Amino acid sequence: MKNNIKKVLIVDDDEAILEAIQIAIEGEGYSVETLTDGEEALDKAKKYKPNVILLDLLLSGRDGSEIVKEFKTNNGVKDIPIVMISAHPSAKKSALDSGADHFLAKPFDLDELFKVLGKYSKN
Amino acid sequence: MIVTAMQDYLAQRLAISSMNKRTNKYSSVMAKNYQKTRYNPNKKLQNLIELHSGILDQVTEAIFIIDLEGKVAFWNKEAEDVFGYTGNEIVGKNVYRLCNKDVRNIARDYLNNLLNGGSKDVVKWEVSKKNGETTWAEIKIQSLKSAEGVSLGYIGAVKDITSQKRYEDNLKFNFNVSKKLAESLDYEATLKEIGNITVPYFADWYSVDLVDRKGNLKQVSIVHKDPNKVIWASKLRKKYPINRNSRSVLWRVIETGVPEFYPFVSDKLIKKVARDNDHLKVVKEIGFTSAIVVPLTVNGQAKGTITFVTSSSKRRYTEQDFHLAQQLTDRAAVAIENSLLYEEVKKEKERINELVSNVPGVVWEVVKEEEGGKFKLSYVSDYAEKMSGYTADEWYSTSDYWEKVIHPEDLEKAIDESTLVFKSGESGVSRYRWVKKTGEVIWVEAQSNVIKDKAGNFVGLRGVTSDITERVEIENRKDEFISMASHELKTPLTSLKIYTKLLQDKVTKGKKDKTAIYYSNMYKQLERLNKLVNELLNVSLIQTDKFEIKKSNFSLSQLVKAIVESTKPNAREKEIVLMGDIKKKVCGDPEYIEQVVNNLLANALKYAPKGDKIIVGLKSRNKDALVCVEDHGFGIDKCYHDKVFERFFRVYDKNDKTYPGLGMGLYISKQIIQRHGGDMWLESEKGKGSKFFFSIPFTDEK
């Protein structure tokens, strides 16, 4: 059963959002790790091996799209689907262009988030 | 010719007769003619004269014979008529007294020259008559020699050519006047100059009098060859001013507009004109001979007079002179009209320059060149230097200078936009950057209008370019602030939405009690808040040109159908009807197009009356798909049709109900459509509802 629990890594510099998302998706049965610092994302992902990463586009430390590029060129993590989240609705294009698998504009519907997580955490 | 032939004949005959020494026979004639004179010329000469005086008296030309010293030896009857002197009065007197002072030496030299075999040309000299009048004479002189070849004197034939000479001189005078009139536009100075040409040639006195504002006749010019007399005349005028109440010839001429001509000014006339005894005395002192007073008629109104008077020259004006004086005055009047017009134009130009110099921007004008089709600078106001650092002269140095100050990155856009204004014929506003002489970059806004020629062709552009750097900076700061604020608002909104949803699910668990409704309302309001924040963000993105569109090919028809279906449940008591279909796919960002359709539908629902039928129409056109959303609400006044698509614009009508909103929806919608290469417009009449249209180009794919 332990293998069936899907793991999600959330990276966002706003702790209130991190906490809200964590509560919501843990309620749906996901295992969650959170990070406020984008610099640590790659190391964290290598250790934690999440099924999906929820990544904020505009992090205070580093641009989210740079992190995506880093992930997508790094063996071992490049197959982890990344869902980019941003308060900028028009950031969709740059997010997808940088290699993210999906884009969700903040504030999103919980139902939509669950649907997206369900889709990308299958493998 | 006759005169010359006669002279030659006489000269020969005289020589022969002197040779024959047949002098005694005619001594009685001579004695008869000159008994009162004590003059005894050279014997030989005397003999000649005695022999031929009978014939010479018959000649219709004035003939005179003088001795070598210049004393008159013979004077025929015609000469008496021309000069007024009888033979008795003039014989024995020096002939040079008949010449004007300035001709005397010339005449002497001429005669000496003749003795030495000099030229026998005809000369034209001004001579004086007995009555003091001067006259122009054409004189042919030959020397008289005895048979031995000894010089005895001269024989001369005189022709009065005053009228002919005057005619020639008048032509010259006329020409000089015309030249003066054309030279200057300062008419008072010109009128004085004309006076300097007129005196002493045409008149001894010349005066110009103009009616001033008070209705007095002001002497603007008085000319006489003697400056003391000018001062004296000016003083006289001050003592005896002329206005509508004075019985003055000048004033009468102004009132009647008819020129007056006095070939001879009689004492009787002077008496009539004189104000009092003192005045009479003074006027008599001037000694008028002839006078002409001509009205100076400017723009159909007699503004004054020009007066020509002869006195010391004793010249009597002729009809020809009167005509010339009128001609001259008419020409002066035309010159005054021109100068007044010029003054007016100059003043107007100065006024416009003054106005333009107060405009806080560069006022400019460019003309489209026929060849090359470039815009050539034809005017730039001095403010250009203040704004660009380059002087107006630098601006004019090359015709495309206006392009040189534009920031290289903005040049293409600036030229494209000017060309668009030029082609459309509508006024336009264009924003770009200038690089100042100092290297500083400023933002400018150019408002331009098309210049049309008489035929309505577009020939150029004119407008005002203002420095809007400060405004742009404030706008940028504001857009940045909106962008940051909306971003910041979204963070708590995200958490709020999540918690609300969690609570809703946990507490209500599918129940439909009051708590469930409250949570549902709460969630809807959060959605609304989110929509507002999104709109704010979009406005700032559009403003800063950071608005990105991800285009794909999709079916507009399907998208609109889906939106209509999902909106129907929220339509309350209003009906939404979909009409038409579009088969072809369009190219665009479906999320943004959805936002546009949603916005139009939401507006229609907001403004449509209860029970209204909202029609969503779909139509294929040649190159694009057309969507129309029609309601039958209170409509929009025509004057707002363009304004409703402007940022933050709200229709304000104190009689209408007010509806909430920030004036962002239609602005964003039109911007989205325009960024798709489409257009959005409105057909509406107040009280009859509105039709909002938008078009999206079809995809190139087949």
# chains A, B, ... in the order shown; residues from 1 in each chain; ligands from 1
>>> interface_residues(of="chain B", to="chain A", cutoff="8 Å", atoms="only C-alpha atoms", output="list in words")
His487, Lys490, Thr491, Pro492, Leu493, Thr494, Ser495, Lys497, Ile498, Tyr499, Lys501, Leu502, Asn530, Asn534, Leu537, Phe547, Glu548, Ile549 and Lys550 of chain B
>>> residues_around(residues="Pro50 of chain A", least_positions_apart="2", cutoff="6 Å", atoms="only C-alpha atoms", output="list in words")
Lys7, Val8, Leu9, Tyr48 and Val52 of chain A
>>> write_last_selection(atoms="C-alpha atoms", output="PDB file, in the first residue's frame")
ATOM      1  CA  LYS A   7       4.136  11.954  -3.393  1.00  0.00           C
ATOM      2  CA  VAL A   8       3.879  15.631  -4.206  1.00  0.00           C
ATOM      3  CA  LEU A   9       6.615  18.268  -3.791  1.00  0.00           C
ATOM      4  CA  TYR A  48      12.256  12.551  -2.095  1.00  0.00           C
ATOM      5  CA  VAL A  52       4.507  15.384  -9.242  1.00  0.00           C
TER       6      VAL A  52
END
>>> residues_around(residues="Glu480 of chain B", least_positions_apart="4", cutoff="8 Å", atoms="only C-alpha atoms", output="ChimeraX atom specification")
/B:476,484,540
>>> write_last_selection(atoms="N, CA and C atoms", output="PDB file, in the first residue's frame")
ATOM      1  N   ASN B 476       3.777  54.244 -15.957  1.00  0.00           N
ATOM      2  CA  ASN B 476       4.533  53.014 -15.738  1.00  0.00           C
ATOM      3  C   ASN B 476       4.491  52.598 -14.275  1.00  0.00           C
ATOM      4  N   MET B 484       1.696  44.646  -9.376  1.00  0.00           N
ATOM      5  CA  MET B 484       2.171  44.101  -8.105  1.00  0.00           C
ATOM      6  C   MET B 484       1.015  43.886  -7.138  1.00  0.00           C
ATOM      7  N   SER B 540      -2.958  46.006 -16.734  1.00  0.00           N
ATOM      8  CA  SER B 540      -1.572  46.437 -16.577  1.00  0.00           C
ATOM      9  C   SER B 540      -0.667  45.692 -17.550  1.00  0.00           C
TER      10      SER B 540
END
>>> select_by_dssp(residues="segment 534-691 of chain B", states="alpha helix (DSSP H)", output="ChimeraX atom specification")
/B:534-543,556-567,590-607,665-675
>>> select_by_dssp(residues="segment 146-387 of chain B", states="strand (DSSP E)", output="ChimeraX atom specification")
/B:151-160,205-211,216-223,242-243,260-262,290-298,301-310,362-368,375-380
>>> write_last_selection(atoms="C-alpha atoms", output="CSV table (one decimal), in the first residue's frame")
chain,number,residue,atom,x,y,z
B,151,SER,CA,33.6,133.0,-88.0
B,152,LEU,CA,31.0,135.7,-87.6
B,153,GLY,CA,28.5,134.2,-85.1
B,154,TYR,CA,25.9,131.5,-84.9
B,155,ILE,CA,22.4,131.0,-86.2
B,156,GLY,CA,20.0,128.9,-84.2
B,157,ALA,CA,16.5,127.4,-84.8
B,158,VAL,CA,14.4,126.7,-81.7
B,159,LYS,CA,11.6,124.3,-81.3
B,160,ASP,CA,9.4,124.4,-78.1
B,205,TRP,CA,5.2,121.5,-53.0
B,206,TYR,CA,4.1,118.0,-52.3
B,207,SER,CA,2.0,117.0,-49.4
B,208,VAL,CA,0.2,113.9,-48.2
B,209,ASP,CA,-2.6,114.3,-45.7
B,210,LEU,CA,-4.4,111.4,-44.1
B,211,VAL,CA,-7.5,111.4,-41.9
B,216,ASN,CA,-8.4,115.5,-38.3
B,217,LEU,CA,-6.4,115.7,-41.5
B,218,LYS,CA,-2.9,114.8,-40.5
B,219,GLN,CA,-0.1,116.0,-42.7
B,220,VAL,CA,2.1,112.8,-42.9
B,221,SER,CA,4.4,114.3,-45.5
B,222,ILE,CA,5.3,117.7,-46.8
B,223,VAL,CA,8.2,118.2,-49.3
B,242,ILE,CA,-8.0,120.9,-41.3
B,243,ASN,CA,-11.0,118.8,-40.3
B,260,GLU,CA,-9.6,119.0,-58.2
B,261,PHE,CA,-7.4,120.7,-60.7
B,262,TYR,CA,-6.4,124.4,-60.6
B,290,SER,CA,-1.0,125.7,-60.2
B,291,ALA,CA,-2.5,123.0,-57.9
B,292,ILE,CA,-3.8,119.5,-58.1
B,293,VAL,CA,-5.5,117.7,-55.2
B,294,VAL,CA,-6.2,114.0,-55.6
B,295,PRO,CA,-8.1,111.8,-53.1
B,296,LEU,CA,-6.2,108.8,-51.7
B,297,THR,CA,-8.8,106.1,-51.9
B,298,VAL,CA,-7.9,103.0,-50.0
B,301,GLN,CA,-12.7,104.8,-48.8
B,302,ALA,CA,-11.1,108.2,-49.2
B,303,LYS,CA,-8.4,108.1,-46.5
B,304,GLY,CA,-6.6,111.4,-47.4
B,305,THR,CA,-5.2,113.5,-50.2
B,306,ILE,CA,-2.0,114.0,-52.1
B,307,THR,CA,-1.5,117.6,-53.1
B,308,PHE,CA,0.8,118.9,-55.9
B,309,VAL,CA,1.5,122.6,-56.0
B,310,THR,CA,3.7,124.7,-58.2
B,362,VAL,CA,6.7,71.4,-30.7
B,363,VAL,CA,4.3,72.6,-33.3
B,364,TRP,CA,5.3,71.2,-36.7
B,365,GLU,CA,4.3,70.7,-40.3
B,366,VAL,CA,5.6,68.2,-42.8
B,367,VAL,CA,4.8,67.9,-46.5
B,368,LYS,CA,4.8,64.7,-48.4
B,375,PHE,CA,7.8,63.7,-45.2
B,376,LYS,CA,9.7,66.9,-45.5
B,377,LEU,CA,9.8,69.3,-42.6
B,378,SER,CA,8.2,72.6,-43.6
B,379,TYR,CA,7.7,74.2,-40.1
B,380,VAL,CA,8.9,73.7,-36.6
>>> atom_distance(atom1="atom CA of Ser339 of chain B", atom2="atom CA of Glu188 of chain B")
9.9 Å
>>> residues_around(residues="Gln327 of chain B", least_positions_apart="4", cutoff="12 Å", atoms="only C-alpha atoms", output="PyMOL selection string")
chain B and resi 170-171+173-175+177-178+259+294-297+306+320-323+331-334
>>> residues_around(residues="segment 395-411 of chain B", least_positions_apart="6", cutoff="12 Å", atoms="only C-alpha atoms", output="PyMOL selection string")
chain B and resi 362-369+372-385+387-389+417-418+430-446+465
>>> atom_distance(atom1="atom CA of Val464 of chain B", atom2="atom CA of Phe649 of chain B")
25.4 Å
>>> residues_around(residues="segment 34-40 of chain A", least_positions_apart="5", cutoff="9 Å", atoms="only C-alpha atoms", output="list of chain:residue names")
A:Val8, A:Leu9, A:Ile10, A:Val11, A:Asp12, A:Asp13, A:Asp14, A:Glu15, A:Leu18, A:Glu19, A:Gln22, A:Ala45, A:Leu55, A:Asp56, A:Leu59, A:Ser60, A:Gly61, A:Arg62, A:Asp63, A:Gly64, A:Ile67
